[in-house]
Structures are given as structure tokens and as C-alpha cells.
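Peer 1: I'd like to ask some things about the structure below.
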Amino acid sequence: SELLSKDPVQRKPAFEALKAEFNVVTHFATRAPLLGRDKEFEQVCRMAATRPTRSLSVTIVEGQAGMGKSRLIDALQTYSRFNAYDFGIGSCSKMDRSGFQPVIDGLAGILRKRALHNDSDISTELGIYRHSLLPYFGAAGEAGREASRYPAERIANDLVGLLGQLGASHPVTLVVEDVHLACAAVYRFLEAVAFRAADLPCTIVLTTRPRGLED
């Protein structure tokens, strides 16, 4: 009842007691609210929250460093937590110039959420792509040694197939940031996505810098 007291002095200790009772940990904001991008944010959110009936939906966010691309993606990720769609994000970097890691990072986030929701595990959520992709999502053993013999084309196509499998049952948005720094494997994945776009019921968001301003 003290929380509803007309005296503000009484409300504060009651609120602190409530926090202590439920072991609430306070986290302070590390970034300012997203400002001046309402139109763009609403457009991206609308596309992300609506699962395409069949074909792929792609959004490219282009801008110079410091223009708010990553901030827009952060806001989109927060929005996804309050809406019925799965969100995964991976980032390309100069340090990672080989492998499918940015794509795997993004898909891993979606797989973990699915596994938690379905009370299963990543191996189960991989479905028919378990044999070829399980080692890339933290597994080890015989499967890992076998997977090392798969060509990059096979892995790229299976990652695309997994994306389609995930999107077929629930809205999915995969974000790959800084594609101007992408390695050959990531481009191979995006090429496979383009070839199968008509059969991918999901949304992909790519962020990049204008050509000539990559550094």
C-alpha cells in the first residue's frame, strides 16, 4: 500500500523493498533513445513482424559510420522481444575473414530461442540439417570431423535451407551487420539466398557503408 502513498517519501523505500524481495537488478541505459528515424524504424519493424507468405524480404540499411545503423538494429532487436518473431544478429569484421561466423552467430541466437521455447535443444531444432551443421553450432566429436569434409557450397546451401526451415513455422529476421567487411563465405551464403529467394519465407536485414567509404 505504501507504493500508492500520496507521500513520495514513503513510496521510495517501499519500491526498494519490492526490488529486494524479487531480486531485481537495476541496469542503467548505455545508449540514448533512437531519435529522428521513426519512419525508417516503423518500416523495418513492419517488415520484420510480418512473415512473408513465400518469398524473401530484404532490407538494406546503408550509411556512413556514426549515422545510427547499429542503433537502429538495436532498437529492432528490442522491438522483437515484445512481438511474435524471432531475431538473430551477426556482424562481419576485418578480424574474421573466413568462415560463415556472422551467419552462424545470427542463426544460433534464433536456434537457442526456439530450443528454449520448445523445451528441446539445438540439435533437434536443426532438423534435417543436423548432420552437416551441428558442429558449427558448438558440437564436437565424430560429426565435427565429418563436417570438415563438406565443401563450402554445401554448408552455404544448408544454412539457407535452415533459414527457410525456421521461417516456415514462425516469423524470422536475420541481421548481418557491416557486410562491406564480409568474407567470401558470407558472400557465398548471400548468393545462395538470392538463388532461393522465392522459397524463403523470412526477412533479412543487411547494414553496410557506401561504396568507397568502407574503412
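Going through the C-alpha cells in order, the chains are called A, B, and so on, while each chain numbers its residues from 1 and the ligands are numbered from 1 in the order shown.
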Applying 9 Å and only C-alpha atoms, which residues near Ile104 in chain A remain after dropping the ones on its own chain fewer than 5 positions away? List them as a list in words.

Peer 2: Gly90, Gly109, Tyr136, Phe137 and Leu159 of chain A

Peer 1: Residues as selected, N, CA and C atoms, written as a tab-separated table (two decimals), in the first residue's frame, can you do that?

Peer 2:
```tsv
chain	number	residue	atom	x	y	z
A	90	GLY	N	24.31	-11.14	-36.54
A	90	GLY	CA	25.73	-11.44	-36.63
A	90	GLY	C	26.43	-10.26	-37.31
A	109	GLY	N	21.42	-17.55	-32.38
A	109	GLY	CA	20.52	-16.85	-31.48
A	109	GLY	C	19.08	-17.29	-31.66
A	136	TYR	N	28.96	-26.65	-36.37
A	136	TYR	CA	29.13	-25.21	-36.47
A	136	TYR	C	28.41	-24.46	-35.35
A	137	PHE	N	27.59	-25.16	-34.59
A	137	PHE	CA	26.84	-24.53	-33.51
A	137	PHE	C	27.28	-25.05	-32.15
A	159	LEU	N	22.82	-23.77	-44.72
A	159	LEU	CA	22.48	-22.63	-43.88
A	159	LEU	C	21.25	-21.91	-44.41
```

Peer 1: Would you give me, as CSV, each residue of range 157-213 of chain A having an atom within 10 Å of an atom of range 111-131 of chain A, along with its shortest atom pair and that distance in Å to one decimal, using only C-alpha atoms and sorting by chain and residue number?

Peer 2:
```
residue,atom,partner,partner_atom,distance
A:Asp158,CA,A:Tyr129,CA,6.4
A:Leu159,CA,A:Tyr129,CA,8.2
A:Gly161,CA,A:Tyr129,CA,7.9
A:Leu162,CA,A:Tyr129,CA,6.7
A:Leu163,CA,A:Leu126,CA,9.8
A:Gln165,CA,A:Gly127,CA,8.4
A:Leu166,CA,A:Leu111,CA,8.5
A:His170,CA,A:Arg114,CA,9.8
```

Peer 1: Let me see the file: selected residues, N, CA and C atoms, as a PDB file, in the first residue's frame.

Peer 2:
```pdb
ATOM      1  N   ASP A 158      23.034 -25.378 -46.983  1.00  0.00           N
ATOM      2  CA  ASP A 158      22.350 -25.909 -45.807  1.00  0.00           C
ATOM      3  C   ASP A 158      21.985 -24.793 -44.826  1.00  0.00           C
ATOM      4  N   LEU A 159      22.820 -23.775 -44.721  1.00  0.00           N
ATOM      5  CA  LEU A 159      22.480 -22.631 -43.880  1.00  0.00           C
ATOM      6  C   LEU A 159      21.246 -21.910 -44.414  1.00  0.00           C
ATOM      7  N   GLY A 161      18.950 -23.384 -46.265  1.00  0.00           N
ATOM      8  CA  GLY A 161      17.850 -24.300 -46.015  1.00  0.00           C
ATOM      9  C   GLY A 161      17.359 -24.217 -44.582  1.00  0.00           C
ATOM     10  N   LEU A 162      18.297 -24.095 -43.628  1.00  0.00           N
ATOM     11  CA  LEU A 162      17.933 -23.953 -42.215  1.00  0.00           C
ATOM     12  C   LEU A 162      17.140 -22.671 -41.997  1.00  0.00           C
ATOM     13  N   LEU A 163      17.575 -21.593 -42.621  1.00  0.00           N
ATOM     14  CA  LEU A 163      16.864 -20.328 -42.503  1.00  0.00           C
ATOM     15  C   LEU A 163      15.424 -20.469 -42.995  1.00  0.00           C
ATOM     16  N   GLN A 165      13.718 -23.272 -43.163  1.00  0.00           N
ATOM     17  CA  GLN A 165      13.022 -24.178 -42.240  1.00  0.00           C
ATOM     18  C   GLN A 165      12.524 -23.420 -41.007  1.00  0.00           C
ATOM     19  N   LEU A 166      13.361 -22.537 -40.473  1.00  0.00           N
ATOM     20  CA  LEU A 166      12.974 -21.745 -39.310  1.00  0.00           C
ATOM     21  C   LEU A 166      11.851 -20.771 -39.651  1.00  0.00           C
ATOM     22  N   HIS A 170       7.553 -19.868 -38.142  1.00  0.00           N
ATOM     23  CA  HIS A 170       7.413 -18.673 -37.308  1.00  0.00           C
ATOM     24  C   HIS A 170       8.190 -17.540 -37.957  1.00  0.00           C
TER      25      HIS A 170
END
```

Peer 1: List every residue of range 70-126 of chain A that DSSP, applied to the backbone of this structure, places in strand (DSSP E or B), and write the result as a list of chain:residue names.

Peer 2: A:Asp86, A:Phe87, A:Gly88, A:Ile89, A:Gly90, A:Ser91, A:Ser93, A:Asp96

Peer 1: For Val58 in chain A, work out the shell of residues within 9 Å, counting only C-alpha atoms and skipping chain neighbours fewer than 5 positions away, then give it as JSON, numbers by chain.

Peer 2: {"A": [47, 202, 203, 204, 205, 206]}

Peer 1: Which residue gives the smallest distance to Ala152 in chain A among A:Val175, A:Leu134, A:Leu18, A:Ala192, with only C-alpha atoms counted?

Peer 2: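 Of the candidates, the smallest distance to Ala152 in chain A is held by A:Ala192.
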
Peer 1: Have a look at CA of Glu153 in chain A and CA of Thr208 in chain A and let me know their distance in Å, one decimal.

Peer 2: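 Between CA of Glu153 in chain A and CA of Thr208 in chain A the gap is 24.1 Å.
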
Peer 1: Just give me the gap between CA of Val186 in chain A and CA of Val103 in chain A in Å, one decimal is fine.

Peer 2: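 According to the coordinates, CA of Val186 in chain A and CA of Val103 in chain A are separated by 7.1 Å.
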
Peer 1: Using Å and a single decimal, report how far CA of Glu177 in chain A sits from CA of Thr207 in chain A.

Peer 2: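 CA of Glu177 in chain A lies 4.8 Å from CA of Thr207 in chain A.
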
Peer 1: Which one of A:Ile73, A:Val193, A:Cys183, A:Ile60 sits closest to Ile89 in chain A if you count only C-alpha atoms?

Peer 2: A:Ile73

Peer 1: In terms of the shortest atom-to-atom distance over only C-alpha atoms, which of A:Thr78, A:Ser57, A:Ser93, A:Asn157 is closest to Pro171 in chain A?

Peer 2: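 Among A:Thr78, A:Ser57, A:Ser93, A:Asn157, it is A:Ser57 that comes nearest to Pro171 in chain A.
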
Peer 1: Mind checking which residues fall within 7 Å of range 82-86 of chain A, counting only C-alpha atoms, ignoring those fewer than 3 positions away in the same chain, and posting them as a compact mmCIF listing (two decimals) with C-alpha atoms, in the first residue's frame?

Peer 2:
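For reference, part_4.txt as written:
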```
# COMPACT_ATOMS: atom_id res chain seq x y z
CA ALA A 49 6.98 -8.67 -37.77
CA TYR A 79 11.16 -4.48 -30.58
CA ILE A 110 17.32 -17.96 -33.20
CA HIS A 170 7.41 -18.67 -37.31
CA PRO A 171 8.44 -15.17 -38.47
CA VAL A 172 12.23 -14.84 -38.57
CA THR A 173 14.51 -11.86 -39.08
```
